[in-house]
>>> print(open('final20.txt').read())   # compact mmCIF, C-alpha atoms
# COMPACT_ATOMS: atom_id res chain seq x y z
CA MET A 3 -22.25 101.11 110.08
CA ILE A 4 -22.43 97.45 109.10
CA LEU A 5 -18.66 97.01 108.80
CA GLU A 6 -18.33 97.87 112.47
CA GLN A 7 -20.31 94.71 113.27
CA PHE A 8 -17.42 92.62 111.94
CA GLN A 9 -14.76 94.25 114.14
CA LEU A 10 -13.22 92.17 116.96
CA GLN A 11 -11.11 94.77 118.76
CA GLY A 12 -10.71 94.02 122.46
CA GLN A 13 -11.80 90.39 122.06
CA VAL A 14 -9.87 87.20 122.77
CA ALA A 15 -10.14 84.17 120.51
CA MET A 16 -8.98 80.68 121.46
CA VAL A 17 -8.03 78.69 118.35
CA THR A 18 -7.02 75.04 118.62
CA GLY A 19 -4.67 73.44 116.12
CA CYS A 20 -3.48 76.75 114.68
CA ASN A 21 0.18 75.97 114.06
CA THR A 22 -0.44 75.35 110.33
CA GLY A 23 -3.15 75.09 107.69
CA LEU A 24 -6.75 76.04 108.25
CA GLY A 25 -6.25 76.80 111.94
CA GLN A 26 -3.45 79.20 111.16
CA GLY A 27 -5.53 80.89 108.46
CA MET A 28 -8.45 81.38 110.84
CA ALA A 29 -6.24 82.65 113.68
CA VAL A 30 -4.64 85.24 111.40
CA ALA A 31 -8.03 86.32 110.05
CA LEU A 32 -9.39 86.87 113.56
CA ALA A 33 -6.27 88.88 114.42
CA GLN A 34 -6.74 90.97 111.28
CA ALA A 35 -10.24 91.77 112.56
CA GLY A 36 -8.73 92.93 115.87
CA ALA A 37 -8.77 89.92 118.20
CA ASP A 38 -5.93 88.71 120.39
CA ILE A 39 -5.25 84.99 119.97
CA VAL A 40 -4.83 82.10 122.39
CA GLY A 41 -3.30 79.29 120.33
CA VAL A 42 -3.62 75.74 121.68
CA ASN A 43 -1.30 73.25 119.96
CA VAL A 44 0.85 70.20 120.54
CA SER A 45 3.77 71.73 118.64
CA ALA A 46 5.23 75.20 118.37
CA PRO A 47 3.06 77.62 116.35
CA ASP A 48 6.04 79.86 115.60
CA ASP A 49 4.84 81.08 112.20
CA THR A 50 1.33 81.77 113.49
CA LYS A 51 2.66 83.70 116.47
CA THR A 52 4.83 85.81 114.16
CA LEU A 53 1.95 86.53 111.78
CA VAL A 54 -0.44 87.51 114.60
CA GLU A 55 2.05 89.72 116.41
CA ALA A 56 2.98 91.44 113.13
CA LEU A 57 -0.62 92.66 113.08
CA GLY A 58 -0.15 94.29 116.48
CA ARG A 59 -2.17 91.63 118.31
CA LYS A 60 -1.16 89.49 121.29
CA PHE A 61 -0.55 85.75 120.96
CA LEU A 62 -0.59 83.38 123.93
CA ASP A 63 1.09 80.06 123.12
CA LEU A 64 -0.47 77.17 125.05
CA ARG A 65 0.64 73.55 124.62
CA ALA A 66 -1.74 70.70 125.30
CA ASN A 67 -2.59 67.22 124.10
CA LEU A 68 -6.25 67.85 123.42
CA SER A 69 -6.92 64.15 122.97
CA ASP A 70 -6.77 63.98 126.76
CA SER A 71 -9.99 65.62 127.90
CA SER A 72 -8.68 65.96 131.46
CA CYS A 73 -6.59 68.96 130.34
CA LEU A 74 -9.44 71.03 128.94
CA GLU A 75 -10.52 72.90 132.07
CA GLY A 76 -6.89 73.85 132.63
CA VAL A 77 -6.53 75.05 129.06
CA VAL A 78 -9.49 77.38 129.50
CA GLN A 79 -8.12 78.75 132.77
CA GLN A 80 -4.70 79.33 131.21
CA GLY A 81 -6.37 81.03 128.27
CA LEU A 82 -7.68 83.74 130.56
CA ALA A 83 -4.12 85.00 131.10
CA LEU A 84 -4.31 87.51 128.24
CA SER A 85 -7.13 89.64 129.59
CA GLY A 86 -9.13 87.60 132.09
CA LYS A 87 -11.80 86.64 129.57
CA LEU A 88 -12.58 84.68 126.43
CA ASP A 89 -14.95 85.77 123.66
CA ILE A 90 -14.44 83.30 120.81
CA LEU A 91 -13.59 79.61 120.55
CA VAL A 92 -12.56 77.99 117.26
CA ASN A 93 -12.64 74.21 117.76
CA ASN A 94 -10.30 73.34 114.90
CA ALA A 95 -7.88 70.65 116.11
CA GLY A 96 -8.50 67.30 114.46
CA ILE A 97 -6.95 64.24 112.84
CA ILE A 98 -7.81 61.79 110.08
CA ARG A 99 -6.93 58.12 109.58
CA ARG A 100 -7.32 56.41 106.21
CA CYS A 101 -7.99 52.70 105.79
CA ASP A 102 -10.62 50.48 104.19
CA ALA A 103 -13.56 50.15 106.57
CA ILE A 104 -13.23 46.35 106.48
CA ASP A 105 -9.76 46.62 108.05
CA PHE A 106 -10.20 49.74 110.21
CA SER A 107 -8.73 49.33 113.69
CA GLU A 108 -10.32 50.16 117.02
CA LYS A 109 -7.35 52.37 117.89
CA ASP A 110 -7.75 54.46 114.74
CA TRP A 111 -11.45 54.74 115.50
CA ASP A 112 -10.93 55.86 119.09
CA ASP A 113 -8.06 58.28 118.32
CA VAL A 114 -10.13 60.17 115.77
CA ILE A 115 -13.37 60.19 117.76
CA ASP A 116 -11.61 61.34 120.93
CA LEU A 117 -10.03 64.41 119.34
CA ASN A 118 -12.55 65.29 116.64
CA LEU A 119 -15.70 64.83 118.71
CA LYS A 120 -15.17 64.26 122.43
CA THR A 121 -12.72 67.13 122.75
CA VAL A 122 -14.90 69.43 120.63
CA PHE A 123 -17.83 68.86 122.98
CA PHE A 124 -16.00 69.14 126.28
CA LEU A 125 -13.89 72.14 125.30
CA ALA A 126 -17.04 73.89 124.09
CA GLN A 127 -18.66 73.00 127.41
CA ALA A 128 -15.75 74.41 129.42
CA VAL A 129 -15.69 77.62 127.37
CA ALA A 130 -19.47 78.03 127.55
CA LYS A 131 -19.26 77.84 131.34
CA GLN A 132 -16.75 80.71 131.21
CA TYR A 133 -18.99 82.72 128.87
CA ILE A 134 -21.96 82.28 131.21
CA LYS A 135 -19.81 83.27 134.19
CA GLN A 136 -18.70 86.40 132.34
CA GLY A 137 -22.32 87.24 131.55
CA THR A 138 -21.50 88.62 128.12
CA GLY A 139 -22.19 85.65 125.85
CA GLY A 140 -19.68 84.46 123.31
CA LYS A 141 -19.04 82.62 120.07
CA ILE A 142 -18.20 78.96 119.51
CA ILE A 143 -17.18 77.90 116.01
CA ASN A 144 -16.72 74.19 115.41
CA VAL A 145 -14.97 72.83 112.35
CA ALA A 146 -17.07 70.29 110.50
CA SER A 147 -16.38 68.91 107.01
CA MET A 148 -17.91 67.93 103.69
CA LEU A 149 -18.07 64.53 105.36
CA SER A 150 -20.61 65.98 107.77
CA PHE A 151 -22.91 65.68 104.74
CA GLN A 152 -21.42 62.74 102.84
CA GLY A 153 -19.99 59.31 103.53
CA GLY A 154 -16.54 59.58 102.05
CA VAL A 155 -14.20 56.68 101.26
CA ARG A 156 -11.72 54.97 103.60
CA VAL A 157 -12.27 57.43 106.46
CA PRO A 158 -15.09 55.91 108.56
CA SER A 159 -14.10 57.39 111.92
CA TYR A 160 -13.51 60.82 110.41
CA THR A 161 -16.92 60.74 108.72
CA ALA A 162 -18.56 59.65 111.98
CA SER A 163 -16.83 62.39 113.95
CA LYS A 164 -17.59 65.20 111.53
CA SER A 165 -21.22 64.14 111.07
CA ALA A 166 -21.53 64.25 114.84
CA VAL A 167 -19.87 67.69 115.01
CA MET A 168 -22.68 69.10 112.89
CA GLY A 169 -25.25 67.46 115.12
CA VAL A 170 -23.70 68.55 118.40
CA THR A 171 -23.37 72.10 117.03
CA ARG A 172 -27.16 72.18 116.68
CA ALA A 173 -27.71 70.60 120.08
CA LEU A 174 -25.47 73.09 121.91
CA ALA A 175 -26.98 76.04 120.05
CA ASN A 176 -30.43 74.97 121.24
CA GLU A 177 -29.36 75.05 124.88
CA TRP A 178 -26.96 77.97 124.97
CA ALA A 179 -28.54 80.61 122.70
CA VAL A 180 -30.55 81.83 125.68
CA HIS A 181 -27.23 82.78 127.33
CA GLY A 182 -26.08 84.78 124.30
CA VAL A 183 -23.74 81.98 123.23
CA ASN A 184 -23.77 81.37 119.48
CA VAL A 185 -22.67 77.89 118.43
CA ASN A 186 -22.12 77.38 114.70
CA ALA A 187 -19.76 75.45 112.45
CA ILE A 188 -17.74 75.80 109.27
CA ALA A 189 -17.53 72.83 106.90
CA PRO A 190 -14.45 73.23 104.69
CA GLY A 191 -14.49 71.51 101.33
CA TYR A 192 -11.41 70.03 99.72
CA MET A 193 -8.60 72.18 101.06
CA ALA A 194 -4.91 72.15 100.18
CA THR A 195 -3.59 71.20 103.64
CA ASP A 196 -1.51 68.44 105.20
CA ASN A 197 -4.66 66.31 105.64
CA THR A 198 -5.17 66.13 101.87
CA THR A 199 -1.56 65.62 100.76
CA ALA A 200 -2.23 61.98 99.82
CA LEU A 201 -5.32 62.88 97.81
CA ARG A 202 -3.57 65.62 95.86
CA ALA A 203 -0.63 63.31 95.15
CA ASP A 204 -2.97 60.74 93.57
CA ALA A 205 -3.32 62.05 90.02
CA ALA A 206 -6.58 60.24 89.25
CA ARG A 207 -8.23 61.15 92.57
CA ASN A 208 -7.05 64.76 92.31
CA ALA A 209 -8.49 65.11 88.82
CA ALA A 210 -11.82 63.58 89.88
CA ILE A 211 -12.11 65.98 92.81
CA LEU A 212 -11.31 69.06 90.73
CA GLU A 213 -13.79 67.99 88.07
CA ARG A 214 -16.61 68.08 90.63
CA ILE A 215 -15.69 71.43 92.26
CA PRO A 216 -17.48 74.23 90.35
CA ALA A 217 -14.76 76.69 91.41
CA ASN A 218 -12.24 74.35 89.71
CA ARG A 219 -9.62 74.61 92.45
CA TRP A 220 -8.73 73.30 95.87
CA GLY A 221 -9.53 75.66 98.71
CA VAL A 222 -6.83 77.45 100.71
CA PRO A 223 -6.81 78.61 104.36
CA GLU A 224 -7.57 82.18 103.31
CA ASP A 225 -10.95 81.00 102.02
CA LEU A 226 -12.08 80.55 105.63
CA ALA A 227 -11.16 84.09 106.67
CA GLY A 228 -14.50 85.73 105.87
CA PRO A 229 -16.71 82.98 107.29
CA VAL A 230 -14.79 82.69 110.57
CA VAL A 231 -14.76 86.45 111.15
CA PHE A 232 -18.49 86.59 110.40
CA LEU A 233 -19.31 83.80 112.87
CA ALA A 234 -17.01 85.34 115.50
CA SER A 235 -18.51 88.82 115.22
CA LYS A 236 -21.71 90.63 116.17
CA ALA A 237 -22.78 90.35 112.55
CA SER A 238 -23.81 86.74 113.29
CA ASP A 239 -25.62 87.35 116.59
CA TYR A 240 -28.85 85.79 115.27
CA VAL A 241 -27.18 82.81 113.59
CA ASN A 242 -27.47 79.71 115.78
CA GLY A 243 -26.75 76.04 115.14
CA TYR A 244 -25.85 76.43 111.48
CA THR A 245 -23.03 74.79 109.52
CA ILE A 246 -21.65 76.93 106.69
CA ALA A 247 -20.10 74.98 103.82
CA VAL A 248 -17.00 76.63 102.33
CA ASP A 249 -16.49 74.25 99.45
CA GLY A 250 -16.23 76.00 96.10
CA GLY A 251 -19.70 74.72 95.28
CA TRP A 252 -19.01 71.00 95.91
CA LEU A 253 -22.31 70.34 97.69
CA ALA A 254 -24.29 72.33 95.13
CA ARG A 255 -23.09 69.93 92.45
>>> encode(input="final20.txt", output="structure tokens")
Amino acid sequence: MILEQFQLQGQVAMVTGCNTGLGQGMAVALAQAGADIVGVNVSAPDDTKTLVEALGRKFLDLRANLSDSSCLEGVVQQGLALSGKLDILVNNAGIIRRCDAIDFSEKDWDDVIDLNLKTVFFLAQAVAKQYIKQGTGGKIINVASMLSFQGGVRVPSYTASKSAVMGVTRALANEWAVHGVNVNAIAPGYMATDNTTALRADAARNAAILERIPANRWGVPEDLAGPVVFLASKASDYVNGYTIAVDGGWLAR
């Protein structure tokens, strides 16, 4: 039966940046589909842990500063503590810095690129090595953005990082599909999260954004539940290198 292809019982999903927002929504969705969760965060994911365990799934709480790529191999090894394997990686952790491009600082550039791009690549690399060692393949889901497709305003390093995430998703899929490793991405549209607090507080900007979204609303973390479970499951075994926009129709406009 087709619905069985979406089940994740017995699988382990590592989700970065899952203490709040979109990461939390995706972690809970994967747990609802049957997966145990390895959460990698800089702060306590207490609510996420409670929500996952209420579903009868295990939650392993790992703390790491993912901006420091030297920790990534260790994070993967610690993540094996639940069952000795990993099956799914959701590369969600990221930051944004807002400033006019003419005044944008080198530090804000480097901070964003390091976490949003460098870490995404090297954590995917470390997890892919584990998948190949296990011999069973696996799923890697990167988190892109509408700004993987567009330029944006006052977020040059974020745009650069998310455009590159879409590109590196394709590049990794080309090399790793032969090992049964599916690499894809989700590009959320305008979502009601901490990253967009300033935009939603600006009445004129908020109205302009809503006017362009055919669905006429900001997205919420639950909107990513279906796409992330699909990309994490056997139902997407022949989907490689693709970025799925979850945007209420923004790009179609």
>>> residues_around(input="final20.txt", residues="region 94-102 of chain A", least_positions_apart="6", cutoff="9 Å", atoms="all atoms listed in the file", output="list in words")
Val17, Thr18, Gly19, Cys20, Leu24, Gly25, Val42, Asn43, Leu68, Asp110, Trp111, Asp113, Val114, Leu117, Asn118, Leu119, Thr121, Val122, Ile143, Asn144, Val145, Ala146, Val155, Arg156, Val157, Pro158, Ser159, Tyr160 and Asn197 of chain A
>>> closest_residue(input="final20.txt", among="A:Ala203, A:Leu91, A:Ala254, A:Ala210", to="Val185 (chain A)", atoms="all atoms listed in the file")
A:Leu91
>>> closest_atom_pairs(input="final20.txt", of="region 75-126 of chain A", to="region 44-66 of chain A", cutoff="10 Å", atoms="all atoms listed in the file", output="tab-separated table")
residue	atom	partner	partner_atom	distance
A:Gly76	CA	A:Ala66	CA	9.5
A:Val77	CA	A:Ala66	CA	7.5
A:Gln80	CA	A:Leu64	CA	7.8
A:Gly81	CA	A:Leu62	CA	7.6
A:Leu82	CA	A:Leu62	CA	9.7
A:Ala83	CA	A:Leu62	CA	8.2
A:Leu84	CA	A:Leu62	CA	7.0
A:Ala95	CA	A:Val44	CA	9.8
>>> residues_near_point(input="final20.txt", point="(-24.3, 71.5, 124.7)", cutoff="10 Å", atoms="only C-alpha atoms", output="ChimeraX atom specification")
/A:123-124,126-127,130,170-178,185
>>> residues_around(input="final20.txt", residues="Pro229 (chain A)", least_positions_apart="5", cutoff="9 Å", atoms="only C-alpha atoms", output="JSON, numbers by chain")
{"A": [188, 234, 246, 248]}
>>> residues_near_point(input="final20.txt", point="(-23.4, 84.7, 116.2)", cutoff="12 Å", atoms="only C-alpha atoms", output="ChimeraX atom specification")
/A:7-8,89-91,139-143,175,178-179,181-187,229-245
>>> closest_residue(input="final20.txt", among="A:Ala103, A:Ala189, A:Ala35, A:Ala162", to="Glu6 (chain A)", atoms="all atoms listed in the file")
A:Ala35
>>> atom_distance(input="final20.txt", atom1="CA of Gly221 (chain A)", atom2="CA of Gly251 (chain A)")
10.8 Å
>>> closest_residue(input="final20.txt", among="A:Gln136, A:Val180, A:Ala166, A:Val14", to="Ser150 (chain A)", atoms="only C-alpha atoms")
A:Ala166
>>> closest_residue(input="final20.txt", among="A:Leu226, A:Ala247, A:Leu201, A:Ala217", to="Gly23 (chain A)", atoms="all atoms listed in the file")
A:Leu226
>>> axis_aligned_box(input="final20.txt", around="region 57-66 of chain A", padding_each_side="6 Å", output="lines of an AutoDock Vina configuration file")
center_x = -0.5
center_y = 82.5
center_z = 119.2
size_x = 15.3
size_y = 35.6
size_z = 24.2
>>> atom_distance(input="final20.txt", atom1="CA of Gln11 (chain A)", atom2="CA of Pro190 (chain A)")
25.9 Å
>>> closest_residue(input="final20.txt", among="A:Leu88, A:Leu253, A:Met168, A:Val30", to="Gly12 (chain A)", atoms="only C-alpha atoms")
A:Leu88
>>> atom_distance(input="final20.txt", atom1="CA of Gly228 (chain A)", atom2="CA of Gly27 (chain A)")
10.5 Å
>>> closest_residue(input="final20.txt", among="A:Gln132, A:Thr199, A:Gln152, A:Asn93", to="Glu75 (chain A)", atoms="all atoms listed in the file")
A:Gln132
>>> residues_around(input="final20.txt", residues="Met16 (chain A)", least_positions_apart="5", cutoff="6 Å", atoms="all atoms listed in the file", output="ChimeraX atom specification")
/A:39-41,91
>>> build_atoms(input="final20.txt", residues="region 103-118 of chain A", atoms="N, CA and C atoms", output="short mmCIF file (atom, residue, chain, number, x, y, z; two decimals), keeping the file's coordinate frame")
data_model
loop_
_atom_site.label_atom_id
_atom_site.label_comp_id
_atom_site.auth_asym_id
_atom_site.auth_seq_id
_atom_site.Cartn_x
_atom_site.Cartn_y
_atom_site.Cartn_z
N ALA A 103 -12.72 50.39 105.40
CA ALA A 103 -13.56 50.15 106.57
C ALA A 103 -13.47 48.70 107.04
N ILE A 104 -13.28 47.76 106.13
CA ILE A 104 -13.23 46.35 106.48
C ILE A 104 -12.03 46.03 107.37
N ASP A 105 -10.99 46.85 107.29
CA ASP A 105 -9.76 46.62 108.05
C ASP A 105 -9.50 47.68 109.11
N PHE A 106 -10.44 48.59 109.32
CA PHE A 106 -10.20 49.74 110.21
C PHE A 106 -10.05 49.27 111.65
N SER A 107 -9.03 49.80 112.35
CA SER A 107 -8.73 49.33 113.69
C SER A 107 -9.49 50.11 114.76
N GLU A 108 -9.66 49.49 115.91
CA GLU A 108 -10.32 50.16 117.02
C GLU A 108 -9.52 51.36 117.49
N LYS A 109 -8.19 51.24 117.46
CA LYS A 109 -7.35 52.37 117.89
C LYS A 109 -7.54 53.58 116.98
N ASP A 110 -7.54 53.34 115.66
CA ASP A 110 -7.75 54.46 114.74
C ASP A 110 -9.14 55.07 114.91
N TRP A 111 -10.11 54.23 115.22
CA TRP A 111 -11.45 54.74 115.50
C TRP A 111 -11.44 55.63 116.74
N ASP A 112 -10.90 55.13 117.83
CA ASP A 112 -10.93 55.86 119.09
C ASP A 112 -10.10 57.14 119.03
N ASP A 113 -8.92 57.09 118.40
CA ASP A 113 -8.06 58.28 118.32
C ASP A 113 -8.78 59.43 117.63
N VAL A 114 -9.45 59.12 116.54
CA VAL A 114 -10.13 60.17 115.77
C VAL A 114 -11.36 60.68 116.52
N ILE A 115 -12.17 59.78 117.05
CA ILE A 115 -13.37 60.19 117.76
C ILE A 115 -13.02 61.01 119.00
N ASP A 116 -11.98 60.62 119.71
CA ASP A 116 -11.61 61.34 120.93
C ASP A 116 -11.26 62.79 120.64
N LEU A 117 -10.45 63.04 119.62
CA LEU A 117 -10.03 64.41 119.34
C LEU A 117 -11.08 65.18 118.56
N ASN A 118 -11.65 64.57 117.55
CA ASN A 118 -12.55 65.29 116.64
C ASN A 118 -13.94 65.51 117.20
#
